[in-house]
>>> print(open('final_27.txt').read())   # compact mmCIF, C-alpha atoms
# COMPACT_ATOMS: atom_id res chain seq x y z
CA MET Y 1 -84.49 82.23 119.21
CA GLU Y 2 -86.78 84.68 120.96
CA GLY Y 3 -85.01 87.46 122.73
CA ARG Y 4 -81.53 86.15 121.93
CA PRO Y 5 -79.27 89.09 121.16
CA LEU Y 6 -77.57 88.75 117.79
CA THR Y 7 -73.90 87.85 117.83
CA ASP Y 8 -71.36 90.29 116.45
CA ALA Y 9 -71.01 88.10 113.36
CA GLU Y 10 -74.77 88.16 112.80
CA LEU Y 11 -74.91 91.92 113.23
CA ILE Y 12 -72.08 92.33 110.74
CA GLU Y 13 -73.88 90.11 108.26
CA GLU Y 14 -77.05 92.17 108.67
CA ALA Y 15 -75.07 95.39 108.35
CA ARG Y 16 -73.48 94.09 105.16
CA ARG Y 17 -76.97 93.74 103.75
CA GLY Y 18 -77.53 97.39 104.53
CA ASP Y 19 -79.19 97.18 107.93
CA VAL Y 20 -78.01 100.40 109.56
CA ALA Y 21 -79.83 99.55 112.80
CA ALA Y 22 -77.83 96.32 113.09
CA TYR Y 23 -74.62 98.23 112.57
CA GLU Y 24 -75.69 100.79 115.16
CA GLU Y 25 -76.14 97.94 117.63
CA LEU Y 26 -72.65 96.67 116.86
CA VAL Y 27 -71.24 100.17 117.34
CA ARG Y 28 -73.08 100.44 120.66
CA ARG Y 29 -71.23 97.36 121.87
CA TYR Y 30 -67.86 98.87 121.07
CA GLU Y 31 -68.38 102.61 121.35
CA GLU Y 32 -66.98 102.91 124.86
CA LEU Y 33 -63.91 100.85 124.09
CA ALA Y 34 -63.39 102.71 120.81
CA PHE Y 35 -63.84 106.12 122.43
CA ARG Y 36 -61.43 105.31 125.23
CA THR Y 37 -58.90 103.85 122.84
CA ALA Y 38 -59.16 106.93 120.63
CA TYR Y 39 -58.83 109.12 123.71
CA LEU Y 40 -55.66 107.38 124.79
CA VAL Y 41 -54.27 107.66 121.25
CA CYS Y 42 -55.08 111.33 120.60
CA GLY Y 43 -55.43 112.69 124.12
CA ASP Y 44 -58.48 114.87 123.57
CA ALA Y 45 -62.09 113.90 124.30
CA ASP Y 46 -63.64 115.88 121.41
CA ASP Y 47 -61.11 114.53 118.94
CA ALA Y 48 -61.65 111.05 120.33
CA ARG Y 49 -65.40 111.29 119.81
CA ASP Y 50 -64.93 112.53 116.23
CA ALA Y 51 -62.29 109.91 115.51
CA ALA Y 52 -64.49 107.10 116.84
CA GLN Y 53 -67.45 108.28 114.79
CA GLU Y 54 -65.33 108.69 111.68
CA GLY Y 55 -63.75 105.29 112.23
CA PHE Y 56 -67.08 103.51 112.61
CA VAL Y 57 -68.49 105.19 109.51
CA ARG Y 58 -65.39 104.16 107.56
CA ALA Y 59 -65.65 100.63 108.87
CA TYR Y 60 -69.24 100.46 107.64
CA GLY Y 61 -68.03 101.35 104.16
CA ALA Y 62 -65.38 98.63 104.44
CA LEU Y 63 -67.65 95.87 105.78
CA ASN Y 64 -67.32 93.93 102.55
CA ARG Y 65 -63.59 93.63 103.20
CA PHE Y 66 -64.08 92.32 106.73
CA ARG Y 67 -63.18 88.64 106.79
CA ALA Y 68 -66.14 86.54 107.87
CA GLY Y 69 -65.51 84.83 111.20
CA ALA Y 70 -62.74 87.22 112.21
CA GLU Y 71 -62.84 89.13 115.50
CA PRO Y 72 -64.38 92.56 114.91
CA ARG Y 73 -62.68 94.14 117.95
CA PRO Y 74 -59.12 94.50 116.62
CA TRP Y 75 -60.43 95.42 113.17
CA LEU Y 76 -62.68 98.20 114.46
CA LEU Y 77 -60.03 99.42 116.89
CA ARG Y 78 -57.44 99.63 114.14
CA ILE Y 79 -59.71 101.82 112.00
CA VAL Y 80 -60.70 104.06 114.91
CA ALA Y 81 -57.08 104.35 116.08
CA ASN Y 82 -56.00 105.40 112.58
CA ALA Y 83 -58.55 108.20 112.64
CA ALA Y 84 -57.41 109.19 116.13
CA ARG Y 85 -53.75 109.19 115.07
CA ASN Y 86 -54.54 111.44 112.13
CA ARG Y 87 -56.28 113.86 114.45
CA ARG Y 88 -53.38 113.83 116.86
CA ARG Y 89 -50.97 114.63 114.03
CA ALA Y 90 -53.25 117.39 112.76
CA ALA Y 91 -53.48 118.92 116.23
CA GLY Y 92 -49.70 118.79 116.55
CA ARG Y 93 -49.74 119.10 120.31
CA ARG Y 94 -49.05 116.85 123.22
CA ALA Y 95 -52.22 116.43 125.19
CA SER Y 96 -52.18 115.84 128.88
CA LEU Y 97 -54.58 113.05 129.70
CA ALA Y 98 -57.34 114.27 131.98
CA LEU Y 99 -57.65 110.90 133.64
CA ARG Y 100 -58.26 110.79 137.33
CA SER Y 101 -58.90 108.15 139.90
CA ALA Y 102 -62.39 107.80 141.29
CA GLN Y 103 -61.27 106.93 144.81
CA ASP Y 104 -59.44 109.90 146.10
CA ARG Y 105 -58.03 109.97 149.58
CA PRO Y 106 -60.81 109.44 152.11
CA SER Y 107 -62.06 112.72 153.53
CA ASP Y 108 -61.33 111.65 157.09
CA GLY Y 109 -57.71 111.26 156.17
CA ALA Y 110 -57.55 107.70 157.44
CA ALA Y 111 -54.78 105.83 155.68
CA PRO Y 112 -55.59 102.32 154.49
CA SER Y 113 -53.55 99.58 156.05
CA PRO Y 114 -50.46 98.57 154.05
CA GLU Y 115 -51.92 95.09 153.68
CA ALA Y 116 -55.11 96.33 152.06
CA ALA Y 117 -55.41 95.24 148.47
CA VAL Y 118 -56.08 98.78 147.33
CA LEU Y 119 -53.76 101.48 146.25
CA ALA Y 120 -53.96 104.46 148.57
CA GLY Y 121 -55.38 107.64 147.04
CA GLU Y 122 -52.03 109.39 147.22
CA GLN Y 123 -50.27 106.53 145.49
CA ARG Y 124 -52.90 106.38 142.77
CA ALA Y 125 -52.44 110.10 142.13
CA GLU Y 126 -48.67 109.60 142.11
CA LEU Y 127 -48.90 106.72 139.67
CA LEU Y 128 -51.21 108.68 137.36
CA ALA Y 129 -48.88 111.66 137.47
CA ALA Y 130 -45.93 109.42 136.70
CA ILE Y 131 -47.75 107.98 133.69
CA ASP Y 132 -48.46 111.49 132.45
CA ARG Y 133 -44.78 112.39 132.77
CA LEU Y 134 -43.75 109.55 130.45
CA GLY Y 135 -43.01 110.13 126.80
CA ASP Y 136 -46.03 109.87 124.45
CA ASP Y 137 -45.21 106.37 123.22
CA ASP Y 138 -44.64 104.95 126.69
CA ARG Y 139 -47.75 106.59 128.08
CA ARG Y 140 -49.87 105.36 125.21
CA ILE Y 141 -48.75 101.76 125.37
CA ILE Y 142 -49.19 101.57 129.15
CA THR Y 143 -52.63 103.17 129.22
CA LEU Y 144 -53.85 101.07 126.29
CA ARG Y 145 -52.76 97.92 128.05
CA TRP Y 146 -53.98 98.71 131.53
CA PHE Y 147 -56.75 101.29 131.23
CA ALA Y 148 -58.35 100.23 127.94
CA ASP Y 149 -57.58 96.59 128.79
CA LEU Y 150 -56.48 95.74 125.26
CA SER Y 151 -54.90 92.43 124.43
CA GLU Y 152 -51.46 92.40 122.84
CA ARG Y 153 -53.06 91.63 119.49
CA GLU Y 154 -55.44 94.55 119.83
CA MET Y 155 -52.61 96.83 120.89
CA ALA Y 156 -50.66 95.72 117.84
CA ALA Y 157 -53.65 96.71 115.68
CA VAL Y 158 -54.10 100.04 117.42
CA LEU Y 159 -50.40 100.94 117.44
CA ASP Y 160 -49.83 99.49 113.98
CA MET Y 161 -46.85 97.37 115.01
CA PRO Y 162 -46.11 93.63 115.26
CA PRO Y 163 -47.27 91.92 118.50
CA GLY Y 164 -43.67 91.06 119.38
CA THR Y 165 -42.71 94.72 119.23
CA VAL Y 166 -45.68 95.61 121.44
CA LYS Y 167 -44.46 93.15 124.06
CA SER Y 168 -40.91 94.50 124.20
CA ARG Y 169 -41.97 98.15 124.08
CA LEU Y 170 -44.50 97.63 126.83
CA SER Y 171 -41.84 96.00 128.98
CA ARG Y 172 -39.45 98.92 128.46
CA ALA Y 173 -42.20 101.45 129.14
CA MET Y 174 -43.04 99.68 132.39
CA ASP Y 175 -39.37 99.88 133.41
CA ARG Y 176 -39.31 103.60 132.73
CA LEU Y 177 -42.56 104.12 134.63
CA ARG Y 178 -41.09 102.26 137.59
CA ALA Y 179 -38.01 104.48 137.46
CA VAL Y 180 -40.20 107.61 137.48
CA VAL Y 181 -42.28 106.31 140.39
CA SER Y 182 -39.19 105.26 142.36
CA GLY Y 183 -37.64 108.67 141.80
CA GLY Y 184 -40.80 110.35 143.05
CA ALA Y 185 -41.19 107.93 145.94
CA ASN Y 186 -37.66 108.65 147.16
CA HIS Y 187 -38.73 112.18 147.75
CA GLY Y 188 -41.99 111.20 149.39
CA MET X 1 -58.84 88.86 145.61
CA ALA X 2 -56.41 91.44 144.43
CA GLU X 3 -52.80 91.13 145.40
CA SER X 4 -51.27 93.39 148.00
CA ILE X 5 -49.76 96.47 146.52
CA VAL X 6 -46.08 97.00 147.07
CA TRP X 7 -45.19 100.65 146.89
CA PRO X 8 -43.12 101.77 145.21
CA PRO X 9 -43.15 98.76 142.89
CA ARG X 10 -39.80 96.99 142.77
CA ASP X 11 -40.20 95.05 139.53
CA GLU X 12 -42.42 94.75 136.48
CA HIS X 13 -44.76 92.33 138.19
CA GLU X 14 -45.36 94.66 141.12
CA MET X 15 -45.83 97.57 138.74
CA ALA X 16 -48.39 95.51 136.82
CA THR X 17 -50.26 94.82 140.04
CA ALA X 18 -50.30 98.52 140.93
CA LEU X 19 -51.49 99.47 137.43
CA ALA X 20 -54.24 96.86 137.50
CA GLU X 21 -55.39 98.26 140.83
CA LEU X 22 -55.27 101.83 139.52
CA ALA X 23 -57.20 100.78 136.41
CA ARG X 24 -60.12 99.71 138.59
CA THR X 25 -60.66 103.28 139.70
CA VAL X 26 -59.49 105.33 136.76
CA VAL X 27 -62.19 107.59 135.31
CA PHE X 28 -62.36 108.38 131.61
CA PRO X 29 -64.27 111.30 130.12
CA PRO X 30 -67.87 110.13 129.60
CA THR X 31 -68.44 108.22 126.37
CA PRO X 32 -70.58 110.28 123.97
CA PRO X 33 -73.51 108.62 122.13
CA ILE X 34 -71.35 107.54 119.21
CA ALA X 35 -73.59 104.72 117.96
CA ALA X 36 -76.54 107.08 117.55
CA ALA X 37 -74.37 109.62 115.71
CA VAL X 38 -72.96 106.93 113.41
CA GLY X 39 -76.45 105.60 112.67
CA ALA X 40 -77.76 109.08 111.91
CA GLN X 41 -74.81 109.82 109.63
CA LEU X 42 -75.21 106.56 107.72
CA ARG X 43 -78.93 107.10 107.26
CA GLU X 44 -78.31 110.59 105.93
CA GLN X 45 -75.77 109.47 103.39
CA THR X 46 -77.13 109.25 99.90
CA PRO X 47 -75.24 108.01 96.91
CA ARG X 48 -73.09 110.76 95.56
CA GLY X 49 -74.75 112.25 92.51
CA TRP X 50 -73.03 113.02 89.30
CA ARG X 51 -72.66 116.63 90.36
CA ALA X 52 -70.06 115.55 92.89
CA ALA X 53 -67.99 114.16 90.05
CA LEU X 54 -67.88 117.32 87.99
CA PRO X 55 -64.41 118.84 87.46
CA TRP X 56 -65.00 121.91 89.62
CA SER X 57 -65.60 119.75 92.67
CA GLY X 58 -61.84 119.20 92.93
CA TRP X 59 -58.56 119.05 91.08
CA ARG X 60 -57.90 115.39 91.50
CA ILE X 61 -59.41 113.65 88.53
CA GLY X 62 -59.20 109.99 89.35
CA ARG X 63 -60.28 106.86 87.66
CA SER X 64 -63.77 107.15 89.10
CA LEU X 65 -64.21 110.59 87.68
CA ALA X 66 -62.88 109.59 84.29
CA LEU X 67 -65.33 106.68 84.23
CA ALA X 68 -68.13 108.93 85.38
CA VAL X 69 -67.40 111.44 82.63
CA VAL X 70 -67.28 108.70 80.00
CA ALA X 71 -70.57 107.37 81.28
CA LEU X 72 -72.09 110.84 81.28
CA LEU X 73 -71.07 111.24 77.66
CA VAL X 74 -72.65 107.89 76.84
CA LEU X 75 -75.77 108.92 78.72
CA ALA X 76 -75.81 112.31 77.04
CA ALA X 77 -75.63 110.64 73.65
CA ALA X 78 -78.39 108.28 74.68
CA ALA X 79 -80.45 111.16 75.98
CA VAL X 80 -80.16 112.91 72.64
CA ALA X 81 -81.51 109.81 70.93
CA PHE X 82 -84.07 109.47 73.65
CA GLY X 83 -85.29 113.05 73.66
CA ILE X 84 -87.68 113.47 76.59
CA ALA X 85 -88.71 109.87 76.26
CA ILE X 86 -87.76 109.02 79.84
CA GLY X 87 -89.84 111.70 81.49
CA GLY X 88 -90.40 110.79 85.11
CA LEU X 89 -87.24 108.68 85.22
CA ARG X 90 -83.96 110.42 85.91
CA ILE X 91 -80.77 108.57 85.28
CA THR X 92 -77.67 109.68 87.15
CA PHE X 93 -74.20 108.29 87.51
CA ALA X 94 -72.23 108.02 90.71
CA PRO X 95 -68.57 107.05 91.01
CA GLY X 96 -67.59 104.04 93.06
CA THR X 97 -69.82 101.28 94.21
CA PRO X 98 -73.30 101.61 95.66
CA PRO X 99 -73.61 102.00 99.41
CA PRO X 100 -75.22 99.16 101.33
CA LEU X 101 -78.96 99.46 101.17
CA PRO X 102 -80.97 100.32 104.25
CA SER X 103 -82.79 97.57 106.06
CA GLY X 104 -85.90 96.37 104.30
CA ALA X 105 -85.01 98.08 101.06
CA VAL X 106 -84.92 94.77 99.27
CA GLN X 107 -88.11 93.53 100.78
CA SER X 108 -91.32 93.49 98.89
CA ARG X 109 -92.51 96.73 100.40
CA ALA X 110 -89.96 98.51 98.28
CA PHE X 111 -92.41 97.85 95.46
CA GLY X 112 -95.36 99.28 97.36
CA GLU X 113 -98.54 97.61 98.44
CA GLU X 114 -99.27 94.13 97.14
CA VAL X 115 -102.53 94.10 95.22
CA GLY X 116 -104.00 91.84 92.58
CA LEU X 117 -103.62 92.63 88.91
CA ASP X 118 -107.26 93.71 88.71
CA GLU X 119 -106.85 96.05 91.67
CA ALA X 120 -103.64 97.50 90.20
CA ARG X 121 -105.50 98.13 86.96
CA ARG X 122 -108.28 99.86 88.88
CA ARG X 123 -105.91 102.09 90.80
CA ALA X 124 -103.36 102.96 88.13
CA GLY X 125 -104.01 106.02 86.08
CA PHE X 126 -102.92 104.15 82.95
CA GLN X 127 -103.46 100.88 81.15
CA VAL X 128 -101.30 98.24 82.85
CA LEU X 129 -99.48 96.05 80.31
CA VAL X 130 -98.65 92.38 80.90
CA PRO X 131 -96.29 90.25 78.79
CA SER X 132 -98.03 87.78 76.52
CA LEU X 133 -95.11 85.32 76.39
CA ALA X 134 -96.54 81.93 77.33
CA ALA X 135 -93.33 81.01 79.19
CA MET X 136 -93.79 83.89 81.62
CA GLY X 137 -97.43 83.38 82.50
CA GLN X 138 -99.11 85.75 84.92
CA PRO X 139 -96.97 87.62 87.47
CA ASP X 140 -96.68 85.98 90.88
CA HIS X 141 -97.09 89.29 92.67
CA VAL X 142 -98.48 92.65 91.64
CA TYR X 143 -97.67 95.80 93.61
CA TYR X 144 -99.05 99.30 93.46
CA ASN X 145 -97.23 102.38 94.67
CA GLY X 146 -98.99 105.77 94.65
CA VAL X 147 -96.04 107.70 93.27
CA PRO X 148 -95.54 109.52 90.97
CA SER X 149 -98.96 110.79 89.99
CA GLY X 150 -100.80 107.98 88.24
CA GLY X 151 -98.93 105.47 90.41
CA THR X 152 -96.34 102.81 89.74
CA VAL X 153 -97.24 99.20 89.10
CA SER X 154 -94.66 96.44 89.59
CA LEU X 155 -95.23 92.96 88.21
CA VAL X 156 -92.97 90.45 89.94
CA TRP X 157 -92.17 86.88 88.93
CA GLY X 158 -90.32 84.32 90.96
CA PRO X 159 -87.63 82.31 89.19
CA ARG X 160 -88.58 80.82 85.81
CA PRO X 161 -86.50 78.74 83.37
CA GLY X 162 -83.94 81.18 82.00
CA TYR X 163 -84.76 83.71 84.74
CA PRO X 164 -82.92 82.55 87.85
CA ALA X 165 -83.77 84.04 91.22
CA ASP X 166 -81.69 86.96 92.39
CA ALA X 167 -80.61 87.34 96.03
CA ASN X 168 -84.20 88.18 96.93
CA GLY X 169 -85.76 85.25 95.13
CA ILE X 170 -86.95 87.42 92.27
CA GLY X 171 -86.70 86.24 88.67
CA LEU X 172 -88.13 89.19 86.76
CA VAL X 173 -89.69 92.57 87.49
CA ILE X 174 -91.63 94.79 85.13
CA THR X 175 -92.27 98.31 86.37
CA GLU X 176 -94.67 100.72 84.72
CA PHE X 177 -95.44 104.35 85.47
CA GLN X 178 -96.57 107.41 83.61
CA ALA X 179 -93.95 109.58 81.99
CA ALA X 180 -94.31 113.02 83.46
CA VAL X 181 -92.46 116.25 83.83
CA ASP X 182 -92.55 116.24 87.59
CA PRO X 183 -89.99 117.33 90.19
CA ALA X 184 -90.75 114.06 91.96
CA VAL X 185 -89.15 111.27 89.99
CA TRP X 186 -88.04 107.71 89.97
CA GLU X 187 -84.31 107.81 89.78
CA LYS X 188 -81.86 105.26 88.56
CA MET X 189 -78.33 105.72 89.80
CA LEU X 190 -75.53 103.96 88.01
CA TYR X 191 -72.13 103.07 89.40
CA GLU X 192 -68.76 102.06 88.03
CA GLY X 193 -68.84 99.05 85.77
CA THR X 194 -72.34 99.74 84.51
CA THR X 195 -72.77 100.10 80.77
CA VAL X 196 -75.61 101.86 79.00
CA THR X 197 -76.50 100.69 75.50
CA SER X 198 -78.98 102.36 73.16
CA SER X 199 -81.58 99.95 71.90
CA ASP X 200 -85.04 99.82 70.44
CA VAL X 201 -88.39 98.35 71.48
CA GLY X 202 -91.07 98.37 68.78
CA GLY X 203 -89.70 101.55 67.25
CA HIS X 204 -89.26 103.29 70.59
CA SER X 205 -85.80 104.23 71.78
CA ALA X 206 -84.69 102.19 74.75
CA LEU X 207 -81.73 101.97 77.12
CA TRP X 208 -80.16 98.71 78.25
CA VAL X 209 -78.42 99.29 81.57
CA ALA X 210 -76.23 96.35 82.45
CA GLY X 211 -73.05 94.98 83.94
CA GLY X 212 -72.56 96.85 87.18
CA GLU X 213 -74.76 97.56 90.10
CA HIS X 214 -77.42 100.20 89.94
CA THR X 215 -80.09 101.40 92.26
CA PHE X 216 -83.65 102.36 91.54
CA PHE X 217 -85.45 104.63 93.94
CA TYR X 218 -88.01 107.36 94.26
CA ARG X 219 -87.10 110.96 94.95
CA ASP X 220 -89.90 113.17 96.24
CA ALA X 221 -90.67 116.70 95.06
CA SER X 222 -88.20 118.18 97.57
CA GLY X 223 -85.43 115.97 96.16
CA ARG X 224 -85.33 113.69 99.20
CA ARG X 225 -84.64 110.05 98.49
CA VAL X 226 -87.42 107.83 99.77
CA ASP X 227 -85.45 104.96 101.23
CA SER X 228 -88.28 102.48 101.38
CA SER X 229 -88.35 102.57 97.61
CA LEU X 230 -84.65 101.92 97.17
CA ARG X 231 -83.63 98.66 95.56
CA LEU X 232 -80.43 97.33 94.13
CA VAL X 233 -81.45 96.11 90.71
CA GLY X 234 -80.19 93.83 88.01
CA ASP X 235 -79.75 94.44 84.30
CA THR X 236 -82.61 96.58 83.08
CA LEU X 237 -84.21 97.62 79.81
CA ILE X 238 -85.98 100.98 79.96
CA TRP X 239 -88.14 102.63 77.34
CA GLU X 240 -91.14 104.83 76.91
CA SER X 241 -94.21 103.91 74.97
CA GLY X 242 -97.53 105.71 74.76
CA GLY X 243 -96.78 108.05 77.67
CA LEU X 244 -95.73 105.16 79.87
CA VAL X 245 -92.20 104.50 81.14
CA LEU X 246 -91.52 100.78 81.30
CA ARG X 247 -88.67 98.81 82.84
CA VAL X 248 -87.90 95.14 82.45
CA GLU X 249 -85.45 94.05 85.12
CA GLY X 250 -83.79 90.68 85.60
CA ALA X 251 -83.77 89.39 82.03
CA PRO X 252 -80.53 87.52 81.31
CA SER X 253 -79.80 89.49 78.12
CA LEU X 254 -80.91 92.46 76.06
CA THR X 255 -82.43 90.04 73.55
CA ALA X 256 -84.50 88.34 76.24
CA ALA X 257 -85.56 91.67 77.75
CA ALA X 258 -86.54 93.02 74.33
CA ALA X 259 -88.60 89.88 73.63
CA ILE X 260 -90.53 90.41 76.85
CA ALA X 261 -90.90 94.11 76.10
CA ARG X 262 -92.31 93.45 72.64
CA SER X 263 -94.83 90.99 74.08
CA LEU X 264 -96.40 93.51 76.45
CA ARG X 265 -100.13 93.89 75.80
>>> encode(input="final_27.txt", output="structure tokens")
Amino acid sequence: MEGRPLTDAELIEEARRGDVAAYEELVRRYEELAFRTAYLVCGDADDARDAAQEGFVRAYGALNRFRAGAEPRPWLLRIVANAARNRRRAAGRRASLALRSAQDRPSDGAAPSPEAAVLAGEQRAELLAAIDRLGDDDRRIITLRWFADLSEREMAAVLDMPPGTVKSRLSRAMDRLRAVVSGGANHG
Amino acid sequence: MAESIVWPPRDEHEMATALAELARTVVFPPTPPIAAAVGAQLREQTPRGWRAALPWSGWRIGRSLALAVVALLVLAAAAVAFGIAIGGLRITFAPGTPPPLPSGAVQSRAFGEEVGLDEARRRAGFQVLVPSLAAMGQPDHVYYNGVPSGGTVSLVWGPRPGYPADANGIGLVITEFQAAVDPAVWEKMLYEGTTVTSSDVGGHSALWVAGGEHTFFYRDASGRRVDSSLRLVGDTLIWESGGLVLRVEGAPSLTAAAAIARSLR
């Protein structure tokens, strides 16, 4: 027993009994994922922070409705994403994601070999720019899948649509992204 | 090993490979300390007082508000009968259900420091009463809390026949403190589903608070709720006698609570 971190289910049970510290620990486990998800949904870091906080506070109030034994991840993400969606609607603007790639082109200008299992800095920038040029829905579904690393079930919760719809929409969005990249690449 | 990247990607699989590779290096805005903010917000939250349910707080009068108003009317009627008989105990009504209690709120320390009955009698600024019903016997635990002035004494019994244990293993609690006009008060907050019935204990007006969930906590002179004193409590009979406010909590019925109340010596 000593030193064993509590499982999510145990933390939720403690939180249900009113242990705010236990709930805080649970939030700590998911705050990054929730913030990033909210960011990809609403496109603004301040709104994402507020949405995540609001979502977690709401979830605390709804703990009694959380089904024991269920996965907390999709449940929490759904609540946070709802808050983020509301903020996006309230803002009424299309945000440009300020995502960037950490590995920019090496300063010495040396190009990686084509065989290297890394995407060259230029191509990463091109791919990011292509994602940003997509329509909101396509951009959101692609970034949630690949950058937030959500499962289809979690994406369904976040996007409030059936898993089957997520699958087909993701596939179409990937096609459109490929078309954008190919168009850009032809000029490159 | 990651797969080689084909650029530009020719099909969905190659695009997926490129995206997975990009994802390894993509940088999000830094994650703010959300857990700490959530914890702080939850700790700050207090049950909404009856003031929040008054008509001028908004135009939407929902079911909660209607219930709150009805309850306030019941309480007002009871208060008229009661006069100032519950000095030192404020009763308020909040819509909705009670918030989850903070950690440790249901532990024994919510009652104060555990002391023997003799010690409680020495410390309390009043004569501590104990029920004389043979079935109850002496309390299993006696606690003393230094607030309000004169202190609060809690007599706690484990389960007894007819007094099953609650979620905390408690069968019955009797709380005694001096009635006082004091900005620092014990406060009982009632929620939806709670009924308040006027009653009588040995000629003294009493209130039977039952049915729903209610909380019992101490509010200091600045109005701040002292969380360590917060408990979710069961059906309770409250009355004042000889300058003392008394509560019997956990009795299965008003009749049983009144029998215990009448036996206090």
>>> atom_distance(input="final_27.txt", atom1="CA of Gly164 (chain Y)", atom2="CA of Ile141 (chain Y)")
13.3 Å
>>> residues_around(input="final_27.txt", residues="Tyr23 (chain Y)", least_positions_apart="3", cutoff="9 Å", atoms="only C-alpha atoms", output="VMD selection string")
(chain Y and resid 11 to 12 14 to 16 18 to 20 26 to 28 60) or (chain X and resid 35 38 to 39)
>>> write_last_selection(input="final_27.txt", atoms="C-alpha atoms", output="compact mmCIF listing (two decimals), in the coordinates of the input")
# COMPACT_ATOMS: atom_id res chain seq x y z
CA LEU Y 11 -74.91 91.92 113.23
CA ILE Y 12 -72.08 92.33 110.74
CA GLU Y 14 -77.05 92.17 108.67
CA ALA Y 15 -75.07 95.39 108.35
CA ARG Y 16 -73.48 94.09 105.16
CA GLY Y 18 -77.53 97.39 104.53
CA ASP Y 19 -79.19 97.18 107.93
CA VAL Y 20 -78.01 100.40 109.56
CA LEU Y 26 -72.65 96.67 116.86
CA VAL Y 27 -71.24 100.17 117.34
CA ARG Y 28 -73.08 100.44 120.66
CA TYR Y 60 -69.24 100.46 107.64
CA ALA X 35 -73.59 104.72 117.96
CA VAL X 38 -72.96 106.93 113.41
CA GLY X 39 -76.45 105.60 112.67
>>> atom_distance(input="final_27.txt", atom1="CA of Arg133 (chain Y)", atom2="CA of Val180 (chain Y)")
8.1 Å
>>> closest_atom_pairs(input="final_27.txt", of="chain Y", to="chain X", cutoff="6 Å", atoms="only C-alpha atoms", output="Markdown table")
| residue | atom | partner | partner_atom | distance |
| --- | --- | --- | --- | --- |
| Y:Gly18 | CA | X:Leu101 | CA | 4.2 |
| Y:Asp19 | CA | X:Ser103 | CA | 4.1 |
| Y:Glu24 | CA | X:Ala35 | CA | 5.3 |
| Y:Val27 | CA | X:Ala35 | CA | 5.2 |
| Y:Arg28 | CA | X:Ala35 | CA | 5.1 |
| Y:Glu32 | CA | X:Thr31 | CA | 5.7 |
| Y:Gln53 | CA | X:Val38 | CA | 5.8 |
| Y:Leu99 | CA | X:Phe28 | CA | 5.7 |
| Y:Arg100 | CA | X:Val27 | CA | 5.5 |
| Y:Ser101 | CA | X:Val26 | CA | 4.3 |
| Y:Ala102 | CA | X:Thr25 | CA | 5.1 |
| Y:Glu115 | CA | X:Ser4 | CA | 6.0 |
| Y:Ala117 | CA | X:Ser4 | CA | 4.6 |
| Y:Phe147 | CA | X:Ala23 | CA | 5.2 |
| Y:Ser182 | CA | X:Pro8 | CA | 6.0 |
>>> write_last_selection(input="final_27.txt", atoms="C-alpha atoms", output="PDB file, keeping the file's coordinate frame")
ATOM      1  CA  GLY Y  18     -77.530  97.390 104.530  1.00  0.00           C
ATOM      2  CA  ASP Y  19     -79.190  97.180 107.930  1.00  0.00           C
ATOM      3  CA  GLU Y  24     -75.690 100.790 115.160  1.00  0.00           C
ATOM      4  CA  VAL Y  27     -71.240 100.170 117.340  1.00  0.00           C
ATOM      5  CA  ARG Y  28     -73.080 100.440 120.660  1.00  0.00           C
ATOM      6  CA  GLU Y  32     -66.980 102.910 124.860  1.00  0.00           C
ATOM      7  CA  GLN Y  53     -67.450 108.280 114.790  1.00  0.00           C
ATOM      8  CA  LEU Y  99     -57.650 110.900 133.640  1.00  0.00           C
ATOM      9  CA  ARG Y 100     -58.260 110.790 137.330  1.00  0.00           C
ATOM     10  CA  SER Y 101     -58.900 108.150 139.900  1.00  0.00           C
ATOM     11  CA  ALA Y 102     -62.390 107.800 141.290  1.00  0.00           C
ATOM     12  CA  GLU Y 115     -51.920  95.090 153.680  1.00  0.00           C
ATOM     13  CA  ALA Y 117     -55.410  95.240 148.470  1.00  0.00           C
ATOM     14  CA  PHE Y 147     -56.750 101.290 131.230  1.00  0.00           C
ATOM     15  CA  SER Y 182     -39.190 105.260 142.360  1.00  0.00           C
TER      16      SER Y 182
END
>>> closest_residue(input="final_27.txt", among="Y:Arg73, Y:Arg85, Y:Arg140, Y:Arg124", to="Arg29 (chain Y)", atoms="all atoms listed in the file")
Y:Arg73
>>> closest_residue(input="final_27.txt", among="Y:Ala129, Y:Val166, Y:Met174, Y:Leu134", to="Leu150 (chain Y)", atoms="all atoms listed in the file")
Y:Val166
>>> atom_distance(input="final_27.txt", atom1="CA of Pro162 (chain Y)", atom2="CA of Ala9 (chain Y)")
25.6 Å
>>> residues_around(input="final_27.txt", residues="Glu154 (chain Y)", least_positions_apart="3", cutoff="9 Å", atoms="only C-alpha atoms", output="list in words")
Arg73, Pro74, Trp75, Leu77, Arg78, Leu150, Ser151, Ala157, Val158, Leu159 and Pro163 of chain Y
>>> closest_residue(input="final_27.txt", among="Y:Leu119, Y:Val41, Y:Ile131, Y:Ala148", to="Asn86 (chain Y)", atoms="all atoms listed in the file")
Y:Val41
>>> residues_around(input="final_27.txt", residues="Asp140 (chain X)", least_positions_apart="3", cutoff="7 Å", atoms="all atoms listed in the file", output="ChimeraX atom specification")
/X:156-158
>>> closest_residue(input="final_27.txt", among="Y:Gly92, Y:Gly43, Y:Pro72, Y:Pro5", to="Tyr30 (chain Y)", atoms="all atoms listed in the file")
Y:Pro72
>>> residues_around(input="final_27.txt", residues="Ala84 (chain Y)", least_positions_apart="6", cutoff="12 Å", atoms="all atoms listed in the file", output="PyMOL selection string")
chain Y and resi 34-56+77-78+90-91+158-159
